[in-house]
Amino acid sequence: MATTPTAAPHSPSADADSAEALHALILSSLEDDQAVDTVSIPLAGKSSIADYMVVASGRSTRQVASMANKLAEKIKTEFRRTARIEGLPNADWVLIDAGDVIIHLFRPEVRTFYNLERMWGFDTPAAELN
């Protein structure tokens, strides 16, 4: 009698480990690229869109675009997934959807205007986070 293979059981801890590894890669990449005022907002339990939201600034549109491109390439290389990117042509505000982590890269003036940290109830001054 032939048996049909069954799928391996879904492992929430494997998903959590993957999300944590992706989050660590993103923070490391932003630090390497000298992002300014990087804030990580945990979304688990608050939203189903992702486990984390990372918000950071670049000093210019050129730096924002460079950080976004490098980050997308690292995610593709390390996790074999393609991150969706919006806003790259202007690079005032670039949104990168990496699945478990959503990344917002801003020029400082644009970040101040939208103030996403406050909208998500996370308005801790950057000086207190370091």
# chains A, B, ... in the order shown; residues from 1 in each chain; ligands from 1
>>> select_by_dssp(residues="stretch 5-130 of chain A", states="strand (DSSP E or B)", output="list in words")
Val36, Asp37, Thr38, Val39, Ser40, Ile41, Pro42, Tyr52, Met53, Val54, Val55, Ala56, Ser57, Arg84, Ile85, Glu86, Trp93, Val94, Leu95, Ile96, Asp97, Val101, Ile102, Ile103, His104, Leu105 and Phe106 of chain A
>>> residues_around(residues="A:Pro108", least_positions_apart="5", cutoff="9 Å", atoms="only C-alpha atoms", output="PyMOL selection string")
chain A and resi 36+56-60+92+113
>>> write_last_selection(atoms="C-alpha atoms", output="short mmCIF file (atom, residue, chain, number, x, y, z; two decimals), in the first residue's frame")
data_model
loop_
_atom_site.label_atom_id
_atom_site.label_comp_id
_atom_site.auth_asym_id
_atom_site.auth_seq_id
_atom_site.Cartn_x
_atom_site.Cartn_y
_atom_site.Cartn_z
CA VAL A 36 20.59 58.15 11.07
CA ALA A 56 15.65 55.27 9.49
CA SER A 57 16.91 58.42 7.82
CA GLY A 58 19.58 59.17 5.29
CA ARG A 59 21.27 62.54 4.95
CA SER A 60 20.34 62.91 1.26
CA ASP A 92 12.50 61.17 -0.24
CA PHE A 113 6.57 65.56 8.52
#
>>> closest_residue(among="A:Tyr52, A:Leu71, A:Gly99, A:Val110", to="A:Glu31", atoms="only C-alpha atoms")
A:Leu71
>>> select_by_dssp(residues="chain A", states="helix (DSSP H, G or I)", output="JSON list (two decimals) with C-alpha atoms, in the first residue's frame")
[["chain", "number", "residue", "atom", "x", "y", "z"],
["A", 12, "PRO", "CA", 6.09, 29.03, 14.30],
["A", 13, "SER", "CA", 9.51, 29.10, 15.97],
["A", 14, "ALA", "CA", 11.21, 28.68, 12.56],
["A", 15, "ASP", "CA", 9.19, 31.64, 11.27],
["A", 16, "ALA", "CA", 10.15, 33.67, 14.33],
["A", 17, "ASP", "CA", 13.83, 32.76, 13.90],
["A", 18, "SER", "CA", 13.66, 33.79, 10.24],
["A", 19, "ALA", "CA", 12.01, 37.10, 11.14],
["A", 20, "GLU", "CA", 14.65, 37.74, 13.81],
["A", 21, "ALA", "CA", 17.49, 36.94, 11.40],
["A", 22, "LEU", "CA", 15.98, 39.23, 8.74],
["A", 23, "HIS", "CA", 15.52, 41.99, 11.32],
["A", 24, "ALA", "CA", 19.15, 41.64, 12.46],
["A", 25, "LEU", "CA", 20.40, 41.77, 8.85],
["A", 26, "ILE", "CA", 18.41, 44.94, 8.19],
["A", 27, "LEU", "CA", 19.65, 46.71, 11.31],
["A", 28, "SER", "CA", 23.24, 45.69, 10.56],
["A", 29, "SER", "CA", 23.00, 46.89, 6.95],
["A", 30, "LEU", "CA", 21.56, 50.25, 8.00],
["A", 31, "GLU", "CA", 24.31, 50.67, 10.59],
["A", 32, "ASP", "CA", 26.97, 49.83, 7.99],
["A", 61, "THR", "CA", 18.21, 61.33, -1.45],
["A", 62, "ARG", "CA", 21.37, 59.71, -2.77],
["A", 63, "GLN", "CA", 22.11, 58.04, 0.56],
["A", 64, "VAL", "CA", 18.48, 56.92, 0.98],
["A", 65, "ALA", "CA", 18.49, 55.34, -2.50],
["A", 66, "SER", "CA", 21.86, 53.67, -1.89],
["A", 67, "MET", "CA", 20.73, 52.21, 1.46],
["A", 68, "ALA", "CA", 17.53, 50.89, -0.13],
["A", 69, "ASN", "CA", 19.35, 49.24, -3.04],
["A", 70, "LYS", "CA", 22.01, 47.63, -0.81],
["A", 71, "LEU", "CA", 19.37, 46.40, 1.61],
["A", 72, "ALA", "CA", 17.27, 44.84, -1.16],
["A", 73, "GLU", "CA", 20.34, 43.10, -2.56],
["A", 74, "LYS", "CA", 21.37, 41.73, 0.86],
["A", 75, "ILE", "CA", 17.85, 40.42, 1.49],
["A", 76, "LYS", "CA", 17.87, 38.73, -1.92],
["A", 77, "THR", "CA", 21.30, 37.19, -1.32],
["A", 78, "GLU", "CA", 20.81, 36.07, 2.28],
["A", 79, "PHE", "CA", 17.11, 35.10, 2.30],
["A", 108, "PRO", "CA", 15.07, 63.86, 7.69],
["A", 109, "GLU", "CA", 12.57, 66.59, 6.69],
["A", 110, "VAL", "CA", 10.14, 64.07, 5.22],
["A", 111, "ARG", "CA", 10.46, 61.79, 8.25],
["A", 112, "THR", "CA", 9.64, 64.67, 10.58],
["A", 113, "PHE", "CA", 6.57, 65.56, 8.52],
["A", 114, "TYR", "CA", 5.07, 62.03, 8.53],
["A", 116, "LEU", "CA", 5.46, 57.30, 11.63],
["A", 117, "GLU", "CA", 6.88, 56.46, 15.04],
["A", 118, "ARG", "CA", 4.18, 58.50, 16.74],
["A", 119, "MET", "CA", 1.44, 57.00, 14.57],
["A", 126, "ALA", "CA", 16.22, 58.46, 19.30],
["A", 127, "ALA", "CA", 18.75, 59.43, 22.00],
["A", 128, "GLU", "CA", 17.01, 57.12, 24.48],
["A", 129, "LEU", "CA", 17.19, 54.15, 22.07]]
>>> closest_residue(among="A:Ser48, A:Asn115, A:Asp37, A:Val54", to="A:Leu95", atoms="only C-alpha atoms")
A:Val54
>>> residues_around(residues="A:Met53", least_positions_apart="4", cutoff="7 Å", atoms="only C-alpha atoms", output="number ranges by chain")
A: 40-43, 101-103
>>> closest_residue(among="A:Ile85, A:Asp51, A:Ile96, A:Phe106", to="A:Thr38", atoms="only C-alpha atoms")
A:Phe106
>>> atom_distance(atom1="atom CA of A:Asp33", atom2="atom CA of A:Leu105")
11.9 Å
>>> atom_distance(atom1="atom CA of A:Ala50", atom2="atom CA of A:Arg84")
13.6 Å
>>> decode(residues="stretch 50-108 of chain A", atoms="C-alpha atoms", output="PDB file, in the first residue's frame")
ATOM      1  CA  ALA A  50       4.846  42.290   9.648  1.00  0.00           C
ATOM      2  CA  ASP A  51       6.739  41.434  12.823  1.00  0.00           C
ATOM      3  CA  TYR A  52       8.827  44.619  12.759  1.00  0.00           C
ATOM      4  CA  MET A  53       8.838  48.063  11.233  1.00  0.00           C
ATOM      5  CA  VAL A  54      12.195  49.770  10.906  1.00  0.00           C
ATOM      6  CA  VAL A  55      12.375  53.521  10.338  1.00  0.00           C
ATOM      7  CA  ALA A  56      15.648  55.266   9.490  1.00  0.00           C
ATOM      8  CA  SER A  57      16.907  58.417   7.825  1.00  0.00           C
ATOM      9  CA  GLY A  58      19.585  59.167   5.289  1.00  0.00           C
ATOM     10  CA  ARG A  59      21.267  62.536   4.949  1.00  0.00           C
ATOM     11  CA  SER A  60      20.339  62.912   1.261  1.00  0.00           C
ATOM     12  CA  THR A  61      18.206  61.328  -1.449  1.00  0.00           C
ATOM     13  CA  ARG A  62      21.368  59.705  -2.770  1.00  0.00           C
ATOM     14  CA  GLN A  63      22.113  58.037   0.565  1.00  0.00           C
ATOM     15  CA  VAL A  64      18.478  56.922   0.979  1.00  0.00           C
ATOM     16  CA  ALA A  65      18.488  55.340  -2.499  1.00  0.00           C
ATOM     17  CA  SER A  66      21.857  53.672  -1.887  1.00  0.00           C
ATOM     18  CA  MET A  67      20.730  52.212   1.457  1.00  0.00           C
ATOM     19  CA  ALA A  68      17.535  50.886  -0.135  1.00  0.00           C
ATOM     20  CA  ASN A  69      19.355  49.238  -3.044  1.00  0.00           C
ATOM     21  CA  LYS A  70      22.005  47.635  -0.815  1.00  0.00           C
ATOM     22  CA  LEU A  71      19.366  46.400   1.608  1.00  0.00           C
ATOM     23  CA  ALA A  72      17.271  44.843  -1.162  1.00  0.00           C
ATOM     24  CA  GLU A  73      20.344  43.102  -2.563  1.00  0.00           C
ATOM     25  CA  LYS A  74      21.368  41.729   0.864  1.00  0.00           C
ATOM     26  CA  ILE A  75      17.846  40.417   1.487  1.00  0.00           C
ATOM     27  CA  LYS A  76      17.865  38.728  -1.915  1.00  0.00           C
ATOM     28  CA  THR A  77      21.303  37.193  -1.322  1.00  0.00           C
ATOM     29  CA  GLU A  78      20.807  36.069   2.282  1.00  0.00           C
ATOM     30  CA  PHE A  79      17.114  35.101   2.300  1.00  0.00           C
ATOM     31  CA  ARG A  80      16.445  34.344  -1.354  1.00  0.00           C
ATOM     32  CA  ARG A  81      13.441  36.644  -1.429  1.00  0.00           C
ATOM     33  CA  THR A  82      12.792  39.735  -3.451  1.00  0.00           C
ATOM     34  CA  ALA A  83      11.884  42.782  -1.399  1.00  0.00           C
ATOM     35  CA  ARG A  84       9.308  45.099  -2.939  1.00  0.00           C
ATOM     36  CA  ILE A  85      10.476  48.711  -3.134  1.00  0.00           C
ATOM     37  CA  GLU A  86       8.362  51.849  -3.553  1.00  0.00           C
ATOM     38  CA  GLY A  87       9.543  55.451  -3.835  1.00  0.00           C
ATOM     39  CA  LEU A  88      13.032  54.802  -5.179  1.00  0.00           C
ATOM     40  CA  PRO A  89      12.950  57.310  -8.074  1.00  0.00           C
ATOM     41  CA  ASN A  90      12.514  60.327  -5.744  1.00  0.00           C
ATOM     42  CA  ALA A  91      14.136  58.719  -2.669  1.00  0.00           C
ATOM     43  CA  ASP A  92      12.504  61.165  -0.238  1.00  0.00           C
ATOM     44  CA  TRP A  93      10.666  58.235   1.348  1.00  0.00           C
ATOM     45  CA  VAL A  94      11.464  54.695   0.293  1.00  0.00           C
ATOM     46  CA  LEU A  95       9.328  51.810   1.506  1.00  0.00           C
ATOM     47  CA  ILE A  96      10.827  48.314   1.425  1.00  0.00           C
ATOM     48  CA  ASP A  97       8.532  45.370   2.071  1.00  0.00           C
ATOM     49  CA  ALA A  98      10.716  42.437   3.075  1.00  0.00           C
ATOM     50  CA  GLY A  99       7.809  40.330   4.315  1.00  0.00           C
ATOM     51  CA  ASP A 100       8.394  39.968   8.052  1.00  0.00           C
ATOM     52  CA  VAL A 101       9.991  43.420   8.249  1.00  0.00           C
ATOM     53  CA  ILE A 102       8.792  46.671   6.684  1.00  0.00           C
ATOM     54  CA  ILE A 103      11.479  49.334   6.254  1.00  0.00           C
ATOM     55  CA  HIS A 104      10.876  53.068   5.813  1.00  0.00           C
ATOM     56  CA  LEU A 105      13.880  55.134   4.733  1.00  0.00           C
ATOM     57  CA  PHE A 106      13.455  58.911   4.778  1.00  0.00           C
ATOM     58  CA  ARG A 107      15.214  62.158   4.240  1.00  0.00           C
ATOM     59  CA  PRO A 108      15.070  63.861   7.691  1.00  0.00           C
TER      60      PRO A 108
END
